[in-house]
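Student: Below is the file data24.cif, which contains mmCIF, C-alpha atoms.
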data_target
loop_
_atom_site.group_PDB
_atom_site.id
_atom_site.type_symbol
_atom_site.label_atom_id
_atom_site.label_comp_id
_atom_site.auth_asym_id
_atom_site.auth_seq_id
_atom_site.Cartn_x
_atom_site.Cartn_y
_atom_site.Cartn_z
ATOM 1 C CA MET T 1 119.201 121.029 41.174
ATOM 2 C CA ASN T 2 121.024 122.797 38.382
ATOM 3 C CA PHE T 3 120.212 122.489 34.693
ATOM 4 C CA LYS T 4 123.097 120.063 33.961
ATOM 5 C CA ASN T 5 121.938 117.604 36.633
ATOM 6 C CA LEU T 6 118.374 117.859 35.355
ATOM 7 C CA ILE T 7 119.485 116.980 31.804
ATOM 8 C CA ILE T 8 121.545 114.015 33.071
ATOM 9 C CA SER T 9 118.629 112.759 35.186
ATOM 10 C CA PHE T 10 116.239 113.068 32.242
ATOM 11 C CA PHE T 11 118.667 111.202 29.963
ATOM 12 C CA CYS T 12 119.106 108.364 32.495
ATOM 13 C CA PHE T 13 115.359 108.057 33.053
ATOM 14 C CA SER T 14 114.647 108.061 29.290
ATOM 15 C CA SER T 15 117.336 105.428 28.681
ATOM 16 C CA LEU T 16 115.894 103.212 31.394
ATOM 17 C CA LEU T 17 112.400 103.408 29.920
ATOM 18 C CA LEU T 18 113.693 102.671 26.422
ATOM 19 C CA CYS T 19 115.715 99.651 27.582
ATOM 20 C CA GLU T 20 112.775 98.217 29.543
ATOM 21 C CA ASN T 21 110.511 98.599 26.515
ATOM 22 C CA ILE T 22 112.980 96.810 24.224
ATOM 23 C CA LYS T 23 113.566 93.959 26.707
ATOM 24 C CA SER T 24 109.858 93.326 27.334
ATOM 25 C CA GLN T 25 109.140 92.878 23.626
ATOM 26 C CA ASN T 26 111.561 89.935 23.284
ATOM 27 C CA ILE T 27 110.289 87.742 26.111
ATOM 28 C CA GLU T 28 109.113 84.269 25.120
ATOM 29 C CA PHE T 29 107.054 82.373 27.663
ATOM 30 C CA PRO T 30 107.220 78.552 27.835
ATOM 31 C CA GLU T 31 103.430 78.435 28.284
ATOM 32 C CA GLU T 32 103.136 79.751 24.736
ATOM 33 C CA LYS T 33 105.394 77.019 23.334
ATOM 34 C CA VAL T 34 103.641 73.908 24.653
ATOM 35 C CA ASN T 35 99.957 73.130 24.179
ATOM 36 C CA PHE T 36 98.230 70.130 25.695
ATOM 37 C CA SER T 37 94.892 68.453 26.199
ATOM 38 C CA ILE T 38 94.006 65.899 28.866
ATOM 39 C CA LYS T 39 91.574 63.033 28.558
ATOM 40 C CA VAL T 40 90.596 60.126 30.797
ATOM 41 C CA VAL T 41 89.997 56.633 29.435
ATOM 42 C CA GLN T 42 88.340 54.258 31.917
ATOM 43 C CA ASP T 43 87.831 50.491 31.820
ATOM 44 C CA GLY T 44 86.127 49.338 35.002
ATOM 45 C CA CYS T 45 88.341 50.246 37.966
ATOM 46 C CA GLU T 46 91.343 51.042 35.767
ATOM 47 C CA ALA T 47 91.721 54.494 34.242
ATOM 48 C CA SER T 48 94.415 56.242 32.244
ATOM 49 C CA ILE T 49 95.107 59.966 32.332
ATOM 50 C CA ILE T 50 96.410 60.819 28.854
ATOM 51 C CA ALA T 51 98.116 64.078 27.938
ATOM 52 C CA ASN T 52 98.321 64.921 24.242
ATOM 53 C CA ILE T 53 101.180 67.410 23.993
ATOM 54 C CA GLU T 54 102.203 69.577 21.065
ATOM 55 C CA ILE T 55 105.527 71.406 21.280
ATOM 56 C CA VAL T 56 106.315 74.348 18.997
ATOM 57 C CA GLU T 57 109.180 73.741 16.556
ATOM 58 C CA GLY T 58 112.527 74.725 18.051
ATOM 59 C CA TRP T 59 111.386 73.976 21.604
ATOM 60 C CA HIS T 60 111.374 70.804 23.712
ATOM 61 C CA ILE T 61 110.253 69.335 27.032
ATOM 62 C CA ASN T 62 112.289 66.979 29.176
ATOM 63 C CA ALA T 63 111.430 63.311 29.312
ATOM 64 C CA ALA T 64 109.327 62.052 32.203
ATOM 65 C CA ASN T 65 111.597 59.124 33.046
ATOM 66 C CA LEU T 66 115.067 60.578 33.473
ATOM 67 C CA PRO T 67 118.114 58.758 34.774
ATOM 68 C CA PRO T 68 119.058 59.774 38.316
ATOM 69 C CA PRO T 69 121.918 62.211 39.036
ATOM 70 C CA PRO T 70 124.763 62.418 38.265
ATOM 71 C CA GLU T 71 123.763 61.301 34.769
ATOM 72 C CA SER T 72 120.952 63.885 34.526
ATOM 73 C CA PHE T 73 120.128 66.951 36.603
ATOM 74 C CA ALA T 74 117.157 68.013 34.441
ATOM 75 C CA ILE T 75 113.651 68.439 35.841
ATOM 76 C CA ALA T 76 111.427 65.653 34.548
ATOM 77 C CA THR T 77 108.076 66.281 32.893
ATOM 78 C CA ASN T 78 105.298 65.088 35.183
ATOM 79 C CA LEU T 79 101.552 64.567 35.294
ATOM 80 C CA ASN T 80 100.567 65.903 38.709
ATOM 81 C CA LEU T 81 97.305 64.498 40.014
ATOM 82 C CA ASP T 82 95.553 65.501 43.201
ATOM 83 C CA SER T 83 95.624 62.697 45.746
ATOM 84 C CA SER T 84 92.345 61.126 46.806
ATOM 85 C CA LEU T 85 91.036 58.192 48.804
ATOM 86 C CA ASN T 86 88.972 57.337 45.711
ATOM 87 C CA TYR T 87 91.935 56.190 43.616
ATOM 88 C CA ILE T 88 95.538 55.021 43.747
ATOM 89 C CA ILE T 89 97.997 56.722 41.400
ATOM 90 C CA GLU T 90 100.656 54.586 39.725
ATOM 91 C CA ASP T 91 104.176 56.028 39.861
ATOM 92 C CA THR T 92 105.047 55.214 36.249
ATOM 93 C CA ILE T 93 104.539 57.678 33.424
ATOM 94 C CA TYR T 94 104.361 56.033 30.008
ATOM 95 C CA GLU T 95 106.000 58.044 27.258
ATOM 96 C CA PRO T 96 107.550 57.507 23.835
ATOM 97 C CA ARG T 97 111.299 56.992 23.700
ATOM 98 C CA PRO T 98 112.886 60.423 24.173
ATOM 99 C CA ASN T 99 115.509 61.920 21.883
ATOM 100 C CA PHE T 100 118.984 61.819 23.417
ATOM 101 C CA LEU T 101 121.357 64.747 23.039
ATOM 102 C CA TYR T 102 124.686 65.185 24.797
ATOM 103 C CA ASP T 103 125.275 68.703 26.118
ATOM 104 C CA SER T 104 129.048 69.207 26.054
ATOM 105 C CA ILE T 105 128.808 72.457 28.046
ATOM 106 C CA ALA T 106 126.796 70.950 30.914
ATOM 107 C CA LYS T 107 128.574 67.607 30.383
ATOM 108 C CA GLU T 108 125.359 65.628 30.706
ATOM 109 C CA GLY T 109 122.912 63.758 28.561
ATOM 110 C CA LEU T 110 119.593 65.417 27.748
ATOM 111 C CA TYR T 111 116.485 63.316 27.202
ATOM 112 C CA LEU T 112 113.980 65.401 25.248
ATOM 113 C CA HIS T 113 110.655 65.321 23.454
ATOM 114 C CA LYS T 114 109.842 67.485 20.439
ATOM 115 C CA GLY T 115 106.793 67.846 18.207
ATOM 116 C CA LYS T 116 103.646 65.895 19.128
ATOM 117 C CA ILE T 117 103.728 63.271 21.874
ATOM 118 C CA LYS T 118 101.349 61.440 24.175
ATOM 119 C CA ILE T 119 102.158 60.591 27.797
ATOM 120 C CA LYS T 120 100.019 58.540 30.152
ATOM 121 C CA LYS T 121 99.635 57.788 33.859
ATOM 122 C CA ASN T 122 97.377 55.048 35.214
ATOM 123 C CA ILE T 123 95.147 55.109 38.269
ATOM 124 C CA ASN T 124 93.203 52.396 40.074
ATOM 125 C CA ILE T 125 89.744 53.527 41.168
ATOM 126 C CA GLN T 126 88.828 52.441 44.715
ATOM 127 C CA THR T 127 85.111 53.359 44.815
ATOM 128 C CA THR T 128 82.052 52.560 42.729
ATOM 129 C CA LYS T 129 80.484 56.057 42.931
#
Could I get this structure in the form of structure tokens?

Tutor:
Amino acid sequence: MNFKNLIISFFCFSSLLLCENIKSQNIEFPEEKVNFSIKVVQDGCEASIIANIEIVEGWHINAANLPPPPESFAIATNLNLDSSLNYIIEDTIYEPRPNFLYDSIAKEGLYLHKGKIKIKKNINIQTTK
């Protein structure tokens, strides 16, 4: 390899490292933008799984109860619970009324939550243990 090719290779390698370093410093992860806590409230055989969610300003989560396509192609927020023979999980997620925003680029309505919200899913306990 001659000196000219060595200089070009070094320059390309240095540029690649510099670009990767700059890109990695600007990454924002969604996990850092939404904080939540989960609690269970039980009354006999009925229980509610409650998620207290706090969303950083400038960010949002989608509503849990979205209209079906073609009105909305967004991925709904969900409370995923492990299945068990000890309880029956209701399908409904209770949430505050979402904010509606029309996205003219995607040509669809967006149903969003911002700030602090509480969502809930009910279960029916099948055992007395």

Student: Quick one: apply the PyMOL selection byres ((chain T and resi 45) around 12) to the file and drop the selected residues here as a PyMOL selection string.

Tutor: chain T and resi 41-44+46-48+86-88+122-129

Student: Could you expand the PyMOL selection byres ((chain T and resi 101) around 12) into the explicit residues it covers here, written as a list in words?

Tutor: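 After applying the PyMOL selection byres ((chain T and resi 101) around 12), what remains is His60, Asn62, Ala63, Ser72, Pro98, Asn99, Phe100, Tyr102, Asp103, Ser104, Ile105, Ala106, Lys107, Glu108, Gly109, Leu110, Tyr111, Leu112 and His113 of chain T.
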
Student: Select, from T:Asn35, T:Asn52, T:Thr77, T:Thr92, the residue with the minimum atom-to-atom distance to Ala64 of chain T, counting all atoms listed in the file.

Tutor: T:Thr77

Student: Which residue gives the smallest distance to Asn80 of chain T among T:Arg97, T:Lys114, T:Lys33, T:Lys121, with all atoms listed in the file counted?

Tutor: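 Of T:Arg97, T:Lys114, T:Lys33, T:Lys121, the one nearest Asn80 of chain T is T:Lys121, counting all atoms listed in the file.
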
Student: Rounded to one decimal, what separation in Å do you get between atom CA of Leu79 of chain T and atom CA of Val34 of chain T?

Tutor: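 Interatomic distance here is 14.3 Å.
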
Student: State, in Å with one decimal place, the distance from atom CA of Ile38 of chain T to atom CA of Glu54 of chain T.

Tutor: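 Calculated distance between atom CA of Ile38 of chain T and atom CA of Glu54 of chain T is 11.9 Å.
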
Student: What is the distance, in Å and to one decimal place, between atom CA of Asp82 of chain T and atom CA of Phe29 of chain T?

Tutor: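 These atoms are spaced 25.7 Å apart.
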
Student: Can you pull out every residue within 7 Å of Ile53 of chain T, counting all atoms listed in the file, but drop anything in the same chain fewer than 5 positions away, and send it as a compact mmCIF listing (two decimals) with C-alpha atoms, keeping the file's coordinate frame?

Tutor:
# COMPACT_ATOMS: atom_id res chain seq x y z
CA VAL T 34 103.64 73.91 24.65
CA ASN T 35 99.96 73.13 24.18
CA PHE T 36 98.23 70.13 25.70
CA SER T 37 94.89 68.45 26.20
CA LYS T 116 103.65 65.90 19.13
CA ILE T 117 103.73 63.27 21.87
CA LYS T 118 101.35 61.44 24.18

Student: Can you list what the PyMOL selection byres ((chain T and resi 94) around 6) grabs from this structure, as a PyMOL selection string?

Tutor: chain T and resi 93+95+119-120

Student: Measuring between all atoms listed in the file, which one of T:Ile61, T:Gly115, T:Ile55, T:Val40 shows the shortest distance to Ala76 of chain T?

Tutor: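 Comparing T:Ile61, T:Gly115, T:Ile55, T:Val40 against Ala76 of chain T, the winner is T:Ile61.
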
Student: Counting only C-alpha atoms, figure out which residue out of T:Asn26, T:Glu71, T:Asn65, T:Asn78 gets nearest to Ala51 of chain T.

Tutor: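 Checking each candidate against Ala51 of chain T, we get T:Asn78 as the closest.
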
Student: Since the input is missing atoms for segment 90-115 of chain T, could you rebuild it with N, CA, C and O atoms and give the result as a short mmCIF file (atom, residue, chain, number, x, y, z; two decimals), in the coordinates of the input?

Tutor:
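Done, and the output landed in out_15.cif:
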data_model
loop_
_atom_site.label_atom_id
_atom_site.label_comp_id
_atom_site.auth_asym_id
_atom_site.auth_seq_id
_atom_site.Cartn_x
_atom_site.Cartn_y
_atom_site.Cartn_z
N GLU T 90 99.42 55.30 40.03
CA GLU T 90 100.66 54.59 39.72
C GLU T 90 101.80 55.59 39.62
O GLU T 90 101.60 56.73 39.21
N ASP T 91 103.01 55.15 39.95
CA ASP T 91 104.18 56.03 39.86
C ASP T 91 104.66 56.21 38.43
O ASP T 91 105.20 57.26 38.09
N THR T 92 104.48 55.21 37.59
CA THR T 92 105.05 55.21 36.25
C THR T 92 104.31 56.16 35.31
O THR T 92 103.09 56.21 35.30
N ILE T 93 105.09 56.90 34.53
CA ILE T 93 104.54 57.68 33.42
C ILE T 93 105.00 56.99 32.14
O ILE T 93 106.19 56.74 31.95
N TYR T 94 104.05 56.68 31.28
CA TYR T 94 104.36 56.03 30.01
C TYR T 94 104.54 57.12 28.95
O TYR T 94 103.70 58.00 28.81
N GLU T 95 105.65 57.03 28.25
CA GLU T 95 106.00 58.04 27.26
C GLU T 95 106.73 57.38 26.10
O GLU T 95 107.30 56.30 26.25
N PRO T 96 106.74 58.03 24.93
CA PRO T 96 107.55 57.51 23.84
C PRO T 96 109.04 57.64 24.18
O PRO T 96 109.41 58.41 25.07
N ARG T 97 109.86 56.91 23.46
CA ARG T 97 111.30 56.99 23.70
C ARG T 97 111.77 58.42 23.41
O ARG T 97 111.53 58.96 22.34
N PRO T 98 112.43 59.04 24.39
CA PRO T 98 112.89 60.42 24.17
C PRO T 98 114.09 60.49 23.24
O PRO T 98 114.83 59.52 23.07
N ASN T 99 114.30 61.66 22.66
CA ASN T 99 115.51 61.92 21.88
C ASN T 99 116.65 62.14 22.87
O ASN T 99 116.46 62.79 23.89
N PHE T 100 117.82 61.62 22.55
CA PHE T 100 118.98 61.82 23.42
C PHE T 100 119.93 62.80 22.74
O PHE T 100 120.20 62.71 21.55
N LEU T 101 120.42 63.75 23.53
CA LEU T 101 121.36 64.75 23.04
C LEU T 101 122.38 64.97 24.14
O LEU T 101 122.01 65.16 25.29
N TYR T 102 123.66 64.93 23.79
CA TYR T 102 124.69 65.18 24.80
C TYR T 102 125.03 66.66 24.79
O TYR T 102 125.38 67.22 23.76
N ASP T 103 124.94 67.30 25.96
CA ASP T 103 125.28 68.70 26.12
C ASP T 103 126.72 68.78 26.60
O ASP T 103 127.01 68.47 27.76
N SER T 104 127.62 69.18 25.71
CA SER T 104 129.05 69.21 26.05
C SER T 104 129.38 70.33 27.04
O SER T 104 130.37 70.24 27.76
N ILE T 105 128.56 71.37 27.09
CA ILE T 105 128.81 72.46 28.05
C ILE T 105 128.43 72.01 29.45
O ILE T 105 129.20 72.16 30.39
N ALA T 106 127.24 71.43 29.60
CA ALA T 106 126.80 70.95 30.91
C ALA T 106 127.41 69.59 31.25
O ALA T 106 127.35 69.15 32.38
N LYS T 107 127.98 68.94 30.24
CA LYS T 107 128.57 67.61 30.38
C LYS T 107 127.57 66.60 30.93
O LYS T 107 127.83 65.86 31.87
N GLU T 108 126.38 66.59 30.32
CA GLU T 108 125.36 65.63 30.71
C GLU T 108 124.48 65.30 29.51
O GLU T 108 124.38 66.08 28.56
N GLY T 109 123.85 64.16 29.59
CA GLY T 109 122.91 63.76 28.56
C GLY T 109 121.56 64.41 28.78
O GLY T 109 121.10 64.55 29.92
N LEU T 110 120.93 64.83 27.69
CA LEU T 110 119.59 65.42 27.75
C LEU T 110 118.62 64.46 27.08
O LEU T 110 118.89 63.95 25.99
N TYR T 111 117.52 64.20 27.72
CA TYR T 111 116.48 63.32 27.20
C TYR T 111 115.27 64.19 26.94
O TYR T 111 114.64 64.69 27.87
N LEU T 112 114.93 64.38 25.65
CA LEU T 112 113.98 65.40 25.25
C LEU T 112 112.86 64.85 24.37
O LEU T 112 113.04 63.85 23.68
N HIS T 113 111.75 65.56 24.39
CA HIS T 113 110.66 65.32 23.45
C HIS T 113 110.44 66.59 22.65
O HIS T 113 110.51 67.70 23.17
N LYS T 114 110.15 66.38 21.35
CA LYS T 114 109.84 67.48 20.44
C LYS T 114 108.61 67.11 19.64
O LYS T 114 108.27 65.93 19.52
N GLY T 115 107.94 68.11 19.07
CA GLY T 115 106.79 67.85 18.21
C GLY T 115 105.56 67.43 18.98
O GLY T 115 105.23 68.03 20.01
#
